[in-house]
file upload_3.cif (mmCIF, N, CA and C atoms)
data_my_file
#
loop_
_atom_site.label_atom_id
_atom_site.label_comp_id
_atom_site.auth_asym_id
_atom_site.auth_seq_id
_atom_site.Cartn_x
_atom_site.Cartn_y
_atom_site.Cartn_z
N MET A 1 -10.79 -13.43 29.70
CA MET A 1 -11.94 -13.95 28.99
C MET A 1 -12.24 -13.13 27.75
N ALA A 2 -12.17 -11.80 27.87
CA ALA A 2 -12.46 -10.93 26.73
C ALA A 2 -11.45 -11.18 25.61
N GLY A 3 -10.19 -11.43 25.97
CA GLY A 3 -9.16 -11.72 24.96
C GLY A 3 -9.45 -13.00 24.21
N TRP A 4 -9.94 -14.02 24.92
CA TRP A 4 -10.28 -15.28 24.29
C TRP A 4 -11.43 -15.10 23.32
N VAL A 5 -12.45 -14.34 23.71
CA VAL A 5 -13.60 -14.09 22.84
C VAL A 5 -13.16 -13.35 21.58
N LEU A 6 -12.29 -12.35 21.74
CA LEU A 6 -11.77 -11.61 20.59
C LEU A 6 -11.01 -12.54 19.66
N CYS A 7 -10.18 -13.41 20.22
CA CYS A 7 -9.39 -14.35 19.41
C CYS A 7 -10.32 -15.27 18.61
N VAL A 8 -11.32 -15.84 19.25
CA VAL A 8 -12.25 -16.74 18.58
C VAL A 8 -13.01 -15.98 17.49
N THR A 9 -13.42 -14.76 17.76
CA THR A 9 -14.13 -13.94 16.78
C THR A 9 -13.26 -13.69 15.55
N LEU A 10 -12.00 -13.38 15.76
CA LEU A 10 -11.09 -13.12 14.64
C LEU A 10 -10.87 -14.38 13.81
N VAL A 11 -10.73 -15.53 14.45
CA VAL A 11 -10.54 -16.79 13.72
C VAL A 11 -11.78 -17.11 12.89
N LEU A 12 -12.96 -16.96 13.49
CA LEU A 12 -14.19 -17.22 12.76
C LEU A 12 -14.37 -16.27 11.58
N ALA A 13 -14.02 -15.01 11.77
CA ALA A 13 -14.11 -14.04 10.67
C ALA A 13 -13.15 -14.39 9.55
N ALA A 14 -11.95 -14.82 9.90
CA ALA A 14 -10.97 -15.21 8.89
C ALA A 14 -11.46 -16.43 8.11
N LEU A 15 -12.01 -17.41 8.82
CA LEU A 15 -12.52 -18.60 8.14
C LEU A 15 -13.70 -18.27 7.25
N ALA A 16 -14.54 -17.37 7.66
CA ALA A 16 -15.68 -16.97 6.84
C ALA A 16 -15.18 -16.31 5.56
N GLY A 17 -14.12 -15.53 5.66
CA GLY A 17 -13.55 -14.89 4.47
C GLY A 17 -12.97 -15.90 3.51
N VAL A 18 -12.36 -16.96 4.05
CA VAL A 18 -11.76 -18.00 3.21
C VAL A 18 -12.85 -18.73 2.43
N GLU A 19 -13.99 -18.99 3.06
CA GLU A 19 -15.06 -19.72 2.40
C GLU A 19 -15.59 -18.98 1.18
N GLY A 20 -15.60 -17.63 1.19
CA GLY A 20 -16.15 -16.86 0.10
C GLY A 20 -15.15 -16.52 -0.99
N GLU A 21 -13.94 -17.07 -0.93
CA GLU A 21 -12.92 -16.70 -1.91
C GLU A 21 -13.11 -17.45 -3.22
N SER A 22 -12.66 -16.82 -4.31
CA SER A 22 -12.71 -17.46 -5.62
C SER A 22 -11.57 -18.48 -5.71
N ARG A 23 -11.61 -19.30 -6.74
CA ARG A 23 -10.54 -20.29 -6.93
C ARG A 23 -9.19 -19.59 -7.15
N TYR A 24 -9.20 -18.46 -7.86
CA TYR A 24 -7.97 -17.70 -8.07
C TYR A 24 -7.45 -17.14 -6.75
N GLU A 25 -8.34 -16.60 -5.93
CA GLU A 25 -7.93 -16.07 -4.63
C GLU A 25 -7.36 -17.18 -3.74
N LYS A 26 -7.98 -18.36 -3.80
CA LYS A 26 -7.46 -19.49 -3.04
C LYS A 26 -6.08 -19.88 -3.55
N PHE A 27 -5.90 -19.90 -4.87
CA PHE A 27 -4.60 -20.19 -5.47
C PHE A 27 -3.54 -19.21 -4.95
N LEU A 28 -3.87 -17.92 -4.96
CA LEU A 28 -2.92 -16.90 -4.47
C LEU A 28 -2.60 -17.13 -3.00
N ARG A 29 -3.60 -17.38 -2.19
CA ARG A 29 -3.40 -17.58 -0.75
C ARG A 29 -2.51 -18.79 -0.49
N GLN A 30 -2.75 -19.88 -1.22
CA GLN A 30 -2.02 -21.11 -0.94
C GLN A 30 -0.65 -21.20 -1.61
N HIS A 31 -0.42 -20.41 -2.69
CA HIS A 31 0.79 -20.67 -3.47
C HIS A 31 1.66 -19.47 -3.82
N VAL A 32 1.21 -18.25 -3.65
CA VAL A 32 2.02 -17.10 -4.05
C VAL A 32 2.50 -16.35 -2.81
N ASP A 33 3.79 -16.20 -2.70
CA ASP A 33 4.40 -15.43 -1.61
C ASP A 33 5.48 -14.54 -2.22
N TYR A 34 5.05 -13.38 -2.71
CA TYR A 34 5.96 -12.44 -3.36
C TYR A 34 5.76 -11.05 -2.78
N PRO A 35 6.84 -10.41 -2.37
CA PRO A 35 8.17 -11.01 -2.19
C PRO A 35 8.13 -12.04 -1.06
N ARG A 36 9.13 -12.90 -1.06
CA ARG A 36 9.17 -13.98 -0.07
C ARG A 36 9.13 -13.41 1.34
N THR A 37 8.24 -13.97 2.16
CA THR A 37 8.10 -13.52 3.54
C THR A 37 9.32 -13.95 4.35
N PRO A 38 9.97 -12.99 5.00
CA PRO A 38 11.09 -13.37 5.86
C PRO A 38 10.55 -14.01 7.15
N THR A 39 11.24 -15.01 7.64
CA THR A 39 10.86 -15.65 8.89
C THR A 39 12.05 -15.60 9.83
N LEU A 40 11.79 -15.81 11.09
CA LEU A 40 12.87 -15.77 12.07
C LEU A 40 13.91 -16.85 11.80
N ALA A 41 13.47 -18.03 11.43
CA ALA A 41 14.38 -19.13 11.12
C ALA A 41 13.96 -19.74 9.79
N ALA A 42 14.89 -19.89 8.88
CA ALA A 42 14.57 -20.39 7.54
C ALA A 42 13.86 -21.74 7.58
N HIS A 43 14.25 -22.62 8.49
CA HIS A 43 13.64 -23.95 8.55
C HIS A 43 12.19 -23.90 9.04
N ARG A 44 11.74 -22.78 9.54
CA ARG A 44 10.36 -22.61 10.01
C ARG A 44 9.45 -21.98 8.95
N TYR A 45 9.99 -21.68 7.78
CA TYR A 45 9.20 -21.00 6.74
C TYR A 45 7.90 -21.73 6.43
N CYS A 46 7.98 -23.03 6.17
CA CYS A 46 6.79 -23.79 5.76
C CYS A 46 5.74 -23.82 6.85
N GLU A 47 6.14 -24.15 8.09
CA GLU A 47 5.17 -24.19 9.17
C GLU A 47 4.50 -22.84 9.36
N THR A 48 5.31 -21.78 9.30
CA THR A 48 4.78 -20.43 9.50
C THR A 48 3.81 -20.05 8.40
N MET A 49 4.22 -20.24 7.15
CA MET A 49 3.38 -19.81 6.03
C MET A 49 2.12 -20.66 5.88
N LEU A 50 2.24 -21.97 6.06
CA LEU A 50 1.06 -22.83 5.92
C LEU A 50 0.02 -22.52 6.99
N ALA A 51 0.47 -22.20 8.19
CA ALA A 51 -0.47 -21.82 9.24
C ALA A 51 -1.03 -20.42 8.98
N ARG A 52 -0.17 -19.48 8.64
CA ARG A 52 -0.60 -18.10 8.40
C ARG A 52 -1.59 -18.01 7.24
N ARG A 53 -1.37 -18.81 6.21
CA ARG A 53 -2.24 -18.79 5.03
C ARG A 53 -3.43 -19.74 5.17
N GLN A 54 -3.57 -20.34 6.33
CA GLN A 54 -4.67 -21.25 6.66
C GLN A 54 -4.75 -22.45 5.72
N VAL A 55 -3.58 -22.92 5.30
CA VAL A 55 -3.52 -24.15 4.51
C VAL A 55 -3.57 -25.33 5.47
N THR A 56 -2.91 -25.20 6.61
CA THR A 56 -3.04 -26.17 7.69
C THR A 56 -3.80 -25.50 8.82
N ALA A 57 -4.63 -26.23 9.50
CA ALA A 57 -5.42 -25.66 10.59
C ALA A 57 -5.71 -26.75 11.61
N GLN A 58 -5.92 -26.33 12.84
CA GLN A 58 -6.28 -27.27 13.90
C GLN A 58 -7.52 -28.05 13.49
N GLY A 59 -7.53 -29.34 13.79
CA GLY A 59 -8.68 -30.18 13.49
C GLY A 59 -8.68 -30.75 12.08
N ARG A 60 -7.73 -30.32 11.24
CA ARG A 60 -7.64 -30.86 9.88
C ARG A 60 -6.30 -31.56 9.73
N PRO A 61 -6.23 -32.58 8.87
CA PRO A 61 -4.94 -33.26 8.69
C PRO A 61 -3.92 -32.32 8.03
N CYS A 62 -2.65 -32.61 8.24
CA CYS A 62 -1.58 -31.82 7.63
C CYS A 62 -1.59 -32.06 6.12
N LYS A 63 -1.36 -31.03 5.35
CA LYS A 63 -1.26 -31.17 3.90
C LYS A 63 0.10 -31.82 3.60
N PRO A 64 0.13 -32.90 2.80
CA PRO A 64 1.39 -33.60 2.55
C PRO A 64 2.46 -32.74 1.89
N SER A 65 2.04 -31.82 1.01
CA SER A 65 3.02 -30.95 0.35
C SER A 65 2.33 -29.67 -0.11
N ASN A 66 3.11 -28.64 -0.23
CA ASN A 66 2.61 -27.37 -0.75
C ASN A 66 3.81 -26.60 -1.29
N THR A 67 3.59 -25.86 -2.36
CA THR A 67 4.65 -25.07 -2.96
C THR A 67 4.27 -23.60 -2.96
N PHE A 68 5.20 -22.75 -2.56
CA PHE A 68 5.03 -21.31 -2.63
C PHE A 68 5.91 -20.78 -3.75
N VAL A 69 5.33 -19.95 -4.60
CA VAL A 69 6.05 -19.34 -5.72
C VAL A 69 6.40 -17.92 -5.30
N HIS A 70 7.67 -17.55 -5.47
CA HIS A 70 8.14 -16.23 -5.08
C HIS A 70 8.30 -15.35 -6.33
N ALA A 71 7.18 -15.13 -7.00
CA ALA A 71 7.14 -14.31 -8.21
C ALA A 71 5.82 -13.54 -8.18
N PRO A 72 5.77 -12.41 -8.89
CA PRO A 72 4.52 -11.65 -8.92
C PRO A 72 3.37 -12.48 -9.50
N ALA A 73 2.18 -12.26 -8.98
CA ALA A 73 1.00 -13.00 -9.45
C ALA A 73 0.80 -12.83 -10.95
N GLN A 74 1.11 -11.63 -11.48
CA GLN A 74 0.90 -11.40 -12.91
C GLN A 74 1.80 -12.29 -13.77
N ASP A 75 2.93 -12.73 -13.25
CA ASP A 75 3.78 -13.67 -14.00
C ASP A 75 3.09 -15.04 -14.14
N LEU A 76 2.35 -15.43 -13.12
CA LEU A 76 1.61 -16.68 -13.20
C LEU A 76 0.37 -16.54 -14.05
N VAL A 77 -0.27 -15.37 -14.00
CA VAL A 77 -1.42 -15.11 -14.87
C VAL A 77 -0.96 -15.15 -16.32
N ALA A 78 0.22 -14.61 -16.62
CA ALA A 78 0.75 -14.60 -17.98
C ALA A 78 0.93 -16.03 -18.52
N ALA A 79 1.25 -16.97 -17.63
CA ALA A 79 1.40 -18.36 -18.07
C ALA A 79 0.09 -18.89 -18.65
N CYS A 80 -1.04 -18.35 -18.22
CA CYS A 80 -2.35 -18.82 -18.70
C CYS A 80 -2.58 -18.49 -20.17
N SER A 81 -1.80 -17.58 -20.73
CA SER A 81 -1.97 -17.24 -22.14
C SER A 81 -1.07 -18.11 -23.04
N ARG A 82 -0.28 -18.97 -22.44
CA ARG A 82 0.62 -19.84 -23.20
C ARG A 82 -0.13 -21.11 -23.64
N GLU A 83 0.44 -21.77 -24.63
CA GLU A 83 -0.14 -23.01 -25.16
C GLU A 83 -0.09 -24.10 -24.08
N PRO A 84 -1.21 -24.78 -23.81
CA PRO A 84 -1.18 -25.85 -22.80
C PRO A 84 -0.42 -27.07 -23.31
N ASP A 85 0.13 -27.83 -22.38
CA ASP A 85 0.81 -29.08 -22.73
C ASP A 85 -0.23 -30.18 -22.93
N ALA A 86 0.23 -31.39 -23.16
CA ALA A 86 -0.68 -32.51 -23.43
C ALA A 86 -1.63 -32.78 -22.26
N SER A 87 -1.23 -32.39 -21.06
CA SER A 87 -2.08 -32.60 -19.88
C SER A 87 -3.03 -31.43 -19.64
N GLY A 88 -2.92 -30.38 -20.45
CA GLY A 88 -3.79 -29.22 -20.29
C GLY A 88 -3.26 -28.15 -19.37
N PHE A 89 -2.00 -28.26 -18.96
CA PHE A 89 -1.40 -27.28 -18.06
C PHE A 89 -0.54 -26.30 -18.84
N GLN A 90 -0.50 -25.06 -18.36
CA GLN A 90 0.37 -24.06 -18.95
C GLN A 90 1.60 -23.89 -18.06
N SER A 91 2.72 -23.58 -18.68
CA SER A 91 3.97 -23.46 -17.96
C SER A 91 4.53 -22.05 -18.08
N THR A 92 5.21 -21.62 -17.04
CA THR A 92 5.89 -20.32 -17.09
C THR A 92 7.06 -20.44 -18.06
N PRO A 93 7.35 -19.38 -18.82
CA PRO A 93 8.45 -19.46 -19.79
C PRO A 93 9.83 -19.46 -19.14
N THR A 94 9.91 -18.95 -17.92
CA THR A 94 11.19 -18.91 -17.22
C THR A 94 11.06 -19.57 -15.86
N ALA A 95 12.19 -19.96 -15.31
CA ALA A 95 12.21 -20.54 -13.97
C ALA A 95 11.91 -19.45 -12.95
N MET A 96 11.28 -19.83 -11.87
CA MET A 96 10.91 -18.91 -10.80
C MET A 96 11.43 -19.47 -9.48
N GLY A 97 11.65 -18.59 -8.53
CA GLY A 97 12.02 -19.04 -7.20
C GLY A 97 10.81 -19.66 -6.52
N ILE A 98 11.00 -20.84 -5.95
CA ILE A 98 9.92 -21.50 -5.23
C ILE A 98 10.46 -22.07 -3.91
N THR A 99 9.56 -22.27 -2.98
CA THR A 99 9.85 -23.04 -1.78
C THR A 99 8.90 -24.21 -1.78
N ALA A 100 9.46 -25.41 -1.87
CA ALA A 100 8.66 -26.63 -1.84
C ALA A 100 8.64 -27.15 -0.40
N CYS A 101 7.45 -27.32 0.14
CA CYS A 101 7.27 -27.80 1.50
C CYS A 101 6.78 -29.24 1.46
N ARG A 102 7.44 -30.11 2.19
CA ARG A 102 7.05 -31.51 2.26
C ARG A 102 6.90 -31.89 3.73
N LEU A 103 5.83 -32.60 4.04
CA LEU A 103 5.56 -33.03 5.40
C LEU A 103 6.69 -33.94 5.87
N ARG A 104 7.18 -33.69 7.05
CA ARG A 104 8.26 -34.47 7.64
C ARG A 104 7.66 -35.53 8.55
N GLY A 105 8.10 -36.76 8.42
CA GLY A 105 7.61 -37.83 9.28
C GLY A 105 6.29 -38.38 8.80
N GLY A 106 5.74 -39.32 9.55
CA GLY A 106 4.52 -39.98 9.13
C GLY A 106 3.25 -39.45 9.77
N ASP A 107 3.36 -38.57 10.76
CA ASP A 107 2.17 -38.08 11.44
C ASP A 107 1.47 -37.02 10.61
N THR A 108 0.20 -37.21 10.35
CA THR A 108 -0.54 -36.27 9.52
C THR A 108 -1.48 -35.39 10.34
N ARG A 109 -1.31 -35.40 11.66
CA ARG A 109 -2.13 -34.54 12.51
C ARG A 109 -1.29 -33.38 13.03
N PRO A 110 -1.88 -32.18 13.16
CA PRO A 110 -1.14 -31.03 13.70
C PRO A 110 -0.62 -31.34 15.10
N PRO A 111 0.49 -30.75 15.50
CA PRO A 111 1.24 -29.74 14.74
C PRO A 111 2.00 -30.37 13.58
N CYS A 112 1.99 -29.70 12.46
CA CYS A 112 2.60 -30.19 11.23
C CYS A 112 4.06 -29.72 11.15
N ALA A 113 4.95 -30.63 10.82
CA ALA A 113 6.37 -30.29 10.66
C ALA A 113 6.75 -30.53 9.20
N TYR A 114 7.36 -29.52 8.58
CA TYR A 114 7.69 -29.59 7.16
C TYR A 114 9.18 -29.40 6.93
N ARG A 115 9.62 -29.93 5.82
CA ARG A 115 10.97 -29.72 5.31
C ARG A 115 10.83 -28.75 4.15
N ALA A 116 11.68 -27.75 4.08
CA ALA A 116 11.61 -26.75 3.00
C ALA A 116 12.80 -26.91 2.06
N ARG A 117 12.52 -26.72 0.78
CA ARG A 117 13.57 -26.76 -0.24
C ARG A 117 13.35 -25.57 -1.17
N GLN A 118 14.35 -24.71 -1.27
CA GLN A 118 14.25 -23.53 -2.14
C GLN A 118 15.04 -23.79 -3.41
N VAL A 119 14.34 -23.65 -4.55
CA VAL A 119 14.96 -23.90 -5.84
C VAL A 119 14.38 -22.96 -6.89
N GLN A 120 14.97 -22.99 -8.06
CA GLN A 120 14.45 -22.28 -9.23
C GLN A 120 13.85 -23.33 -10.16
N HIS A 121 12.58 -23.21 -10.48
CA HIS A 121 11.90 -24.16 -11.36
C HIS A 121 10.89 -23.43 -12.23
N HIS A 122 10.56 -24.06 -13.35
CA HIS A 122 9.40 -23.61 -14.12
C HIS A 122 8.17 -24.07 -13.34
N VAL A 123 7.08 -23.34 -13.48
CA VAL A 123 5.87 -23.66 -12.74
C VAL A 123 4.76 -23.99 -13.73
N ARG A 124 4.02 -25.06 -13.47
CA ARG A 124 2.89 -25.45 -14.31
C ARG A 124 1.60 -25.15 -13.56
N VAL A 125 0.66 -24.53 -14.26
CA VAL A 125 -0.62 -24.18 -13.65
C VAL A 125 -1.78 -24.63 -14.53
N ALA A 126 -2.90 -24.88 -13.88
CA ALA A 126 -4.17 -25.07 -14.58
C ALA A 126 -4.89 -23.73 -14.48
N CYS A 127 -5.50 -23.32 -15.59
CA CYS A 127 -6.13 -22.00 -15.64
C CYS A 127 -7.62 -22.12 -15.92
N ARG A 128 -8.34 -21.16 -15.42
CA ARG A 128 -9.77 -21.04 -15.71
C ARG A 128 -10.06 -19.56 -15.92
N ASP A 129 -10.69 -19.24 -17.05
CA ASP A 129 -11.00 -17.85 -17.41
C ASP A 129 -9.77 -16.95 -17.38
N GLY A 130 -8.63 -17.50 -17.83
CA GLY A 130 -7.41 -16.72 -17.93
C GLY A 130 -6.67 -16.50 -16.62
N LEU A 131 -7.07 -17.20 -15.55
CA LEU A 131 -6.42 -17.05 -14.26
C LEU A 131 -5.96 -18.42 -13.74
N PRO A 132 -4.79 -18.48 -13.09
CA PRO A 132 -4.35 -19.76 -12.52
C PRO A 132 -5.23 -20.14 -11.33
N VAL A 133 -5.62 -21.41 -11.28
CA VAL A 133 -6.46 -21.88 -10.19
C VAL A 133 -5.90 -23.14 -9.52
N HIS A 134 -4.84 -23.72 -10.11
CA HIS A 134 -4.24 -24.92 -9.54
C HIS A 134 -2.76 -24.95 -9.91
N LEU A 135 -1.93 -25.20 -8.92
CA LEU A 135 -0.50 -25.37 -9.15
C LEU A 135 -0.27 -26.85 -9.44
N ALA A 136 0.05 -27.15 -10.69
CA ALA A 136 0.15 -28.54 -11.13
C ALA A 136 1.49 -29.16 -10.81
N GLY A 137 2.52 -28.37 -10.74
CA GLY A 137 3.82 -28.94 -10.45
C GLY A 137 4.91 -28.05 -10.99
N THR A 138 6.10 -28.45 -10.73
CA THR A 138 7.27 -27.69 -11.15
C THR A 138 8.24 -28.64 -11.82
N TYR A 139 9.12 -28.09 -12.60
CA TYR A 139 10.15 -28.91 -13.21
C TYR A 139 11.40 -28.08 -13.39
N PRO A 140 12.56 -28.73 -13.40
CA PRO A 140 13.81 -27.98 -13.46
C PRO A 140 13.95 -27.22 -14.77
N PRO A 141 14.64 -26.07 -14.74
CA PRO A 141 14.88 -25.34 -15.98
C PRO A 141 15.76 -26.18 -16.92
N PRO A 142 15.60 -25.99 -18.24
CA PRO A 142 16.43 -26.75 -19.18
C PRO A 142 17.91 -26.41 -18.99
N GLN A 143 18.77 -27.41 -19.17
CA GLN A 143 20.21 -27.20 -18.99
C GLN A 143 20.86 -26.69 -20.27
#
call {"tool": "encode", "arguments": {"input": "upload_3.cif", "output": "structure tokens"}}
result
Amino acid sequence: MAGWVLCVTLVLAALAGVEGESRYEKFLRQHVDYPRTPTLAAHRYCETMLARRQVTAQGRPCKPSNTFVHAPAQDLVAACSREPDASGFQSTPTAMGITACRLRGGDTRPPCAYRARQVQHHVRVACRDGLPVHLAGTYPPPQ
């Protein structure tokens, strides 16, 4: 019983911390994994990271997709000083390692199963006050 109470207390404390985070902190939690976290099985990376980073949680629907960038946060912050494109997003000048997670199957309720794809892409971000706050998308490096 004491173990269960401790577990519930830790989960509630973690959720309380998430609620007080800034948009930049949320961006880092949901999208930056540098250096890339090793997992026991490569195909489990998305499920592990999305749960660990509280992007997916019990009682909430599975997120259809999420991308983790395997580059230092300062490289993404640097993109905020670049000229925005027509849509208002800034892009990284070089391709970065990413893991793109896509929900597998049609069920949107936990447990969530994802397909992972690791590639090198440029990353587009929306910035506020010089910090990335939204991962807008990725695109292949120029050939």
call {"tool": "resolve_selection", "arguments": {"input": "upload_3.cif", "expression": "the PyMOL selection byres ((chain A and resi 100-108) around 6)", "output": "list in words"}}
result
Cys46, Pro61, Cys62, Lys63, Pro64, Ser65, Asn66, Thr67, Phe68, Ile98, Thr99, Arg109, Pro110, Ala113, Tyr114, Arg115, Ala116, Arg117, Gln118 and Val119 of chain A
call {"tool": "atom_distance", "arguments": {"input": "upload_3.cif", "atom1": "atom CA of A:Val55", "atom2": "atom CA of A:Gln30"}}
result
6.4 Å
call {"tool": "resolve_selection", "arguments": {"input": "upload_3.cif", "expression": "the PyMOL selection byres (((chain A and resi 86-96 and name CA) around 8) and name CA)", "output": "list in words"}}
result
Val69, His70, Ala71, Asp75, Leu76, Ala78, Ala79, Cys80, Ser81, Arg82, Glu83, Pro84, Asp85, Gly97, Ile98, Gln120, His121, His122, Val123, Arg124, Val125, Ala126, Cys127, Ala136, Pro140 and Pro141 of chain A
call {"tool": "atom_distance", "arguments": {"input": "upload_3.cif", "atom1": "atom CA of A:Leu28", "atom2": "atom CA of A:Pro132"}}
result
8.7 Å
call {"tool": "atom_distance", "arguments": {"input": "upload_3.cif", "atom1": "atom N of A:Arg53", "atom2": "atom CA of A:Tyr24"}}
result
15.8 Å
call {"tool": "select_by_dssp", "arguments": {"input": "upload_3.cif", "residues": "stretch 26-128 of chain A", "states": "strand (DSSP E)", "output": "ChimeraX atom specification"}}
result
/A:65-69,90-91,96-103,114-128
call {"tool": "select_by_dssp", "arguments": {"input": "upload_3.cif", "residues": "chain A", "states": "helix (DSSP H, G or I)", "output": "number ranges by chain"}}
result
A: 2-19, 23-31, 42-52, 73-79
call {"tool": "closest_residue", "arguments": {"input": "upload_3.cif", "among": "A:Tyr45, A:Leu50, A:Ala73, A:Gly59", "to": "A:Glu25", "atoms": "only C-alpha atoms"}}
result
A:Ala73
call {"tool": "axis_aligned_box", "arguments": {"input": "upload_3.cif", "around": "stretch 62-68 of chain A", "padding_each_side": "6 Å", "output": "AutoDock Vina command-line options"}}
result
--center_x 1.6 --center_y -27.2 --center_z 2.2 --size_x 20.6 --size_y 24.8 --size_z 24.0
